[in-house]
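Colleague: Quick one: the structure is below, questions incoming.
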Amino acid sequence: MRRVLLIWLSLAGAALVAFALALASGSTHLPPLELLQALISPGDSVAGEIVTRLRLPRALAAFAVGGLLALAGALMQVLLRNPLADPYVLGLSGGAAVGALGAMLVGLGALAVNLSASAGALLAIALVFALARRDFARQQMFGALEASPRLLLTGVIMAAGWGALITLMLTLAPEARLRGMLFWLMGDLNGVESWAPALLALALALAVSYPMARGLNVLLRGEVMAHALGVRVVPLRRAVYLVASVATALAVTTAGAIGFVGLVVPHALRLALGNDQRMLLPASALAGGTLLLLADTAARSLLAPQQLPVGVITALVGVPAFMFLLTRKPVKQEAA
Amino acid sequence: MNAPLLEAQDLSLSAGGRALVRGMSFRLNAGEVWCLLGPNGSGKSTFLHTAVGLRQAQGGALRLAGRALADWPAAAAARQRAFLPQAFHDAFSASVLESVMLGRHPYLSRWQWEGAEEREFARYALRSVDLAGFERRDVLTLSGGERQRVALAALFTQDAPLLLLDEPVSHLDLHHQVLVLEHLVMLARDHAKGVLFTVHDLDLAARFASHALLLTPRGTVLHGPAASVMTEAALQAAFGHRVTRVEAAGRTLFVPD
């Protein structure tokens, strides 16, 4: 337990450093003292304006989105008992993308695009839930095939369907709208204003999923074992699916389909720290938020004033870091 | 108080639309070790899954410690009976100690973390399956037999009065087969546990089980003291293969033709 607290505190410390970095960097460089002053009493100074109106909302949004994605990824990997699962594996980002791109295609504004993306994500959630309802239902799950592979298959097929629709829209889109659509698909925090829903969702998703964490440890050993150990498998799997889906939907509608964070952050933490979900879920939220915040800071300052898609940065930094962890000899930890 | 740990009354089971078992009735009491025998596909695993509550019976009743199975809340049932499945699929790495401590899950409250007591339970169970010193090993690096012993240790850690085991010794070497079955017999004798295990080795069944259930391809079920159920004629009819019963080295052995 003390080890777990230490992990959380270190990750929270890293998050604070990332915030300081994000707020200080940009076209107007702010030294620490000025930054602090701008934060404490923004007044109507230029620095205060920049920090509280521009950089802070974007930083909060980046942190919340990264945290949501990493948390959703960790949950999906447990739900599907598959290390390759990420928040998008069940086709959720596809549904959101079809909604968002459809709205862009007909030339609607930002708000309509967001609403349409949410609608698409919710539709995708409902479709998978309805199609796989047998896998979420009682007593149906213990046949020759456990529920996880079937649910995964349902999701992957749905994702393929959404992918075809996305390609179709990109083909039909006029040249002028193509760039915006591509940026949405890659994930982009530029111009994000609404950080509050995502941050609130992150806190809620953590609060809901943390009490389920030990049950998830058991569920990882298979549905049969979980049942034998007194875990109420069916409600637990439903709850995990809903929390992970809604978290992903909020992340995607806030910032587009940013890849990589949801797949790699939980895995990197597992490799480095062990696979106790009670430690892992909060740690994933913190580390995912920190990673995306740093990546977004880099995305907007590396080639400033040119803005890079943040998903490119997360992948470019994440791939070598992850390969290092994967090839390193794992350190086994005794349960804290 | 004296209700049998597990009681089946006129139970019928089917799987995949095929009727497997008809009219199964028996009472398993504390201190008894039952072996569940039958050819492939005769319904051994189906029965165990039904007894754990993973599937519904077609008819009849199953009572756990005198109370209908469906009336048991999940966590209370997990404190009353433990189950060892036939196969394990580990998708993620975990230490042996963590895996074994999962057996304490039904005893911990939602916010509680495993502590010294749970670790002691787990270490004791690991010693009983000859895996002392394996605590920090990753389950993904274990051999099939070692993995099965880790699962057995987790089952012992669960410390339930009724132990249901689906082929507990299928991956074990000779020495560990005997070790594990002796431990099960000891648990029944000294700790008043009830044990029900499936096995294909008739010699091991005859040596360690006090009682036997024999499933036949026609769906009938023989039950009773092992010596009276495991006759040449009954085994031959059930398995469709001639066996000769011999006494050697003070043991009952079944030699197939």
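Just so we're on the same page: first chain in the structure tokens is A, next is B, and so on; residues restart at 1 for each chain, and ligands are numbered from 1 in the order they show up.
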Using only C-alpha atoms, find the residues of chain B whose closest atom to chain A is at most 7 Å away, then write them as a list in words.
Modeller: Val52, Leu54, Arg55, Ala74, Ala75, Ala77, Ala78, Ala82, Phe83, Asp90, Ala91, Ala94, Glu98, Leu102, Gly103, His105, Pro106, Arg110 and Arg136 of chain B
Colleague: Quick one: write out the picked residues with N, CA and C atoms as a CSV table (one decimal), in the first residue's frame?
Modeller:
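In the end it all went to again.csv:
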chain,number,residue,atom,x,y,z
B,52,VAL,N,-21.2,-25.3,-9.6
B,52,VAL,CA,-20.6,-24.0,-9.3
B,52,VAL,C,-21.6,-22.9,-9.6
B,54,LEU,N,-22.4,-22.0,-12.8
B,54,LEU,CA,-22.1,-21.4,-14.1
B,54,LEU,C,-23.1,-21.7,-15.2
B,55,ARG,N,-23.9,-22.8,-14.9
B,55,ARG,CA,-25.0,-23.1,-15.9
B,55,ARG,C,-26.2,-23.7,-15.1
B,74,ALA,N,-23.3,-14.3,-4.4
B,74,ALA,CA,-22.0,-14.7,-5.0
B,74,ALA,C,-20.9,-14.9,-4.0
B,75,ALA,N,-20.7,-13.9,-3.2
B,75,ALA,CA,-19.5,-13.9,-2.3
B,75,ALA,C,-19.6,-15.0,-1.3
B,77,ALA,N,-21.3,-17.8,-1.6
B,77,ALA,CA,-21.1,-19.1,-2.2
B,77,ALA,C,-19.6,-19.3,-2.4
B,78,ALA,N,-18.8,-18.3,-2.7
B,78,ALA,CA,-17.4,-18.5,-2.9
B,78,ALA,C,-16.7,-18.8,-1.6
B,82,ALA,N,-15.2,-24.0,-3.5
B,82,ALA,CA,-14.2,-23.5,-4.4
B,82,ALA,C,-14.1,-24.4,-5.6
B,83,PHE,N,-13.7,-23.9,-6.7
B,83,PHE,CA,-13.7,-24.6,-8.0
B,83,PHE,C,-12.4,-24.5,-8.7
B,90,ASP,N,-3.8,-17.5,-19.1
B,90,ASP,CA,-3.3,-16.2,-18.5
B,90,ASP,C,-2.9,-15.3,-19.7
B,91,ALA,N,-3.6,-14.2,-19.8
B,91,ALA,CA,-3.3,-13.2,-20.8
B,91,ALA,C,-2.2,-12.2,-20.4
B,94,ALA,N,1.7,-12.1,-14.0
B,94,ALA,CA,1.4,-11.8,-12.6
B,94,ALA,C,2.3,-12.7,-11.8
B,98,GLU,N,0.7,-13.2,-6.1
B,98,GLU,CA,-0.5,-12.5,-6.4
B,98,GLU,C,-1.6,-13.4,-6.9
B,102,LEU,N,-5.4,-14.3,-4.8
B,102,LEU,CA,-6.7,-14.1,-5.3
B,102,LEU,C,-7.7,-15.0,-4.7
B,103,GLY,N,-7.3,-16.1,-4.2
B,103,GLY,CA,-8.2,-17.0,-3.5
B,103,GLY,C,-8.8,-16.4,-2.3
B,105,HIS,N,-10.0,-13.4,-2.2
B,105,HIS,CA,-10.9,-12.4,-2.7
B,105,HIS,C,-12.3,-12.4,-2.0
B,106,PRO,N,-12.9,-13.6,-1.8
B,106,PRO,CA,-14.3,-13.5,-1.2
B,106,PRO,C,-14.3,-13.1,0.3
B,110,ARG,N,-14.5,-4.6,0.2
B,110,ARG,CA,-14.2,-3.9,-1.1
B,110,ARG,C,-13.0,-3.0,-1.0
B,136,ARG,N,7.8,-15.2,-6.3
B,136,ARG,CA,8.0,-14.1,-7.2
B,136,ARG,C,8.0,-14.4,-8.7
Colleague: Which of segment 87-256 of chain B counts as alpha helix (DSSP H) under DSSP, as a ChimeraX atom specification please?
Modeller: /B:96-101,116-128,144-158,174-191,202-208,226-229,232-239
Colleague: Skipping near chain neighbours, those fewer than 3 positions away, what residues fall within 10 Å of Thr141 of chain B using only C-alpha atoms, listed as a compact mmCIF listing (two decimals) with N, CA and C atoms, in the first residue's frame?
Modeller:
# COMPACT_ATOMS: atom_id res chain seq x y z
N SER B 93 0.91 -11.11 -17.39
CA SER B 93 1.80 -11.68 -16.39
C SER B 93 1.36 -11.25 -14.99
N ALA B 94 1.67 -12.11 -14.03
CA ALA B 94 1.38 -11.81 -12.63
C ALA B 94 2.29 -12.71 -11.81
N SER B 95 2.62 -12.27 -10.61
CA SER B 95 3.47 -13.12 -9.80
C SER B 95 2.65 -14.27 -9.23
N ARG B 137 7.89 -15.73 -8.96
CA ARG B 137 7.92 -16.13 -10.36
C ARG B 137 6.69 -15.59 -11.09
N ASP B 138 6.86 -15.36 -12.40
CA ASP B 138 5.75 -14.91 -13.24
C ASP B 138 4.98 -16.14 -13.71
N GLY B 144 3.24 -26.30 -17.50
CA GLY B 144 1.83 -26.63 -17.35
C GLY B 144 1.52 -27.21 -15.97
N GLU B 146 3.33 -26.84 -13.18
CA GLU B 146 3.52 -25.81 -12.15
C GLU B 146 2.34 -24.86 -12.11
N ARG B 147 1.83 -24.52 -13.31
CA ARG B 147 0.68 -23.61 -13.38
C ARG B 147 -0.53 -24.25 -12.70
Colleague: Write out as a PyMOL selection string the residues lying within 8 Å of segment 31-45 of chain B, counting only C-alpha atoms and excluding same-chain residues fewer than 3 positions away.
Modeller: chain B and resi 13-14+20-21+28+48-49+166+184-185+187-200+205+208-217+219+226+238-239
Colleague: Store the residues picked out above, limited to C-alpha atoms, as a PDB file, in the first residue's frame.
Modeller:
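Heads up, here's the output in result_31.pdb:
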ATOM      1  CA  LEU B  13     -28.142 -32.060 -17.277  1.00  0.00           C
ATOM      2  CA  SER B  14     -27.763 -31.339 -20.939  1.00  0.00           C
ATOM      3  CA  LEU B  20     -26.123 -35.994 -20.680  1.00  0.00           C
ATOM      4  CA  VAL B  21     -27.270 -36.987 -17.216  1.00  0.00           C
ATOM      5  CA  LEU B  28     -21.688 -35.452  -0.314  1.00  0.00           C
ATOM      6  CA  LEU B  48     -19.157 -29.379 -12.041  1.00  0.00           C
ATOM      7  CA  HIS B  49     -20.072 -26.169 -13.870  1.00  0.00           C
ATOM      8  CA  ASP B 166     -11.989 -30.592 -12.654  1.00  0.00           C
ATOM      9  CA  LEU B 184      -6.996 -33.474  -0.594  1.00  0.00           C
ATOM     10  CA  VAL B 185      -7.559 -36.600   1.488  1.00  0.00           C
ATOM     11  CA  LEU B 187      -8.096 -31.859   4.066  1.00  0.00           C
ATOM     12  CA  ALA B 188     -11.175 -34.083   4.121  1.00  0.00           C
ATOM     13  CA  ARG B 189      -9.976 -36.167   7.063  1.00  0.00           C
ATOM     14  CA  ASP B 190      -8.444 -33.506   9.315  1.00  0.00           C
ATOM     15  CA  HIS B 191     -10.334 -30.378   8.306  1.00  0.00           C
ATOM     16  CA  ALA B 192     -13.768 -31.826   7.505  1.00  0.00           C
ATOM     17  CA  LYS B 193     -13.697 -30.649   3.904  1.00  0.00           C
ATOM     18  CA  GLY B 194     -15.764 -32.308   1.224  1.00  0.00           C
ATOM     19  CA  VAL B 195     -13.942 -33.063  -2.026  1.00  0.00           C
ATOM     20  CA  LEU B 196     -15.270 -33.914  -5.485  1.00  0.00           C
ATOM     21  CA  PHE B 197     -12.776 -34.359  -8.305  1.00  0.00           C
ATOM     22  CA  THR B 198     -12.810 -35.719 -11.834  1.00  0.00           C
ATOM     23  CA  VAL B 199      -9.996 -37.980 -12.927  1.00  0.00           C
ATOM     24  CA  HIS B 200      -9.275 -40.427 -15.724  1.00  0.00           C
ATOM     25  CA  ALA B 205      -9.449 -42.831  -8.076  1.00  0.00           C
ATOM     26  CA  PHE B 208      -7.787 -41.889  -2.881  1.00  0.00           C
ATOM     27  CA  ALA B 209     -11.562 -41.618  -3.203  1.00  0.00           C
ATOM     28  CA  SER B 210     -13.913 -42.793  -0.495  1.00  0.00           C
ATOM     29  CA  HIS B 211     -16.911 -42.476  -2.785  1.00  0.00           C
ATOM     30  CA  ALA B 212     -17.482 -42.496  -6.524  1.00  0.00           C
ATOM     31  CA  LEU B 213     -19.919 -41.141  -9.095  1.00  0.00           C
ATOM     32  CA  LEU B 214     -19.843 -42.976 -12.393  1.00  0.00           C
ATOM     33  CA  LEU B 215     -21.470 -41.375 -15.435  1.00  0.00           C
ATOM     34  CA  THR B 216     -22.356 -43.588 -18.361  1.00  0.00           C
ATOM     35  CA  PRO B 217     -22.881 -42.625 -22.001  1.00  0.00           C
ATOM     36  CA  GLY B 219     -27.016 -40.848 -18.916  1.00  0.00           C
ATOM     37  CA  ALA B 226     -15.911 -46.241  -4.266  1.00  0.00           C
ATOM     38  CA  ALA B 238     -19.457 -47.020 -18.711  1.00  0.00           C
ATOM     39  CA  PHE B 239     -16.248 -46.808 -20.702  1.00  0.00           C
TER      40      PHE B 239
END
Colleague: Counting only C-alpha atoms, what is within 10 Å of Val100 of chain B, bar same-chain residues fewer than 6 positions away, as number ranges by chain?
Modeller: B: 118-119, 121-123, 125-126, 135, 149-158
Colleague: Just the number, please: distance in Å from atom CA of Leu280 of chain A to atom CA of Asp296 of chain A, one decimal.
Modeller: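 Going from atom CA of Leu280 of chain A over to atom CA of Asp296 of chain A covers 23.3 Å.
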Colleague: Could you check how far atom CA of Thr254 of chain A sits from atom CA of Glu34 of chain A, in Å to one decimal?
Modeller: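 Atom-to-atom, atom CA of Thr254 of chain A and atom CA of Glu34 of chain A are spaced 29.8 Å apart.
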Colleague: State, in Å with one decimal place, the distance from atom CA of Glu247 of chain B to atom CA of Arg218 of chain B.
Modeller: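 Going from atom CA of Glu247 of chain B over to atom CA of Arg218 of chain B, I get 29.5 Å.
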Colleague: Extract, using only C-alpha atoms, all DNA, RNA and protein residues at most 6 Å from segment 55-62 of chain A, discarding same-chain residues fewer than 6 positions from it, and format them as a list in words.
Modeller: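 Contacts, with the query itself left out: Leu23, Trp195, Leu292 and Leu293 of chain A.
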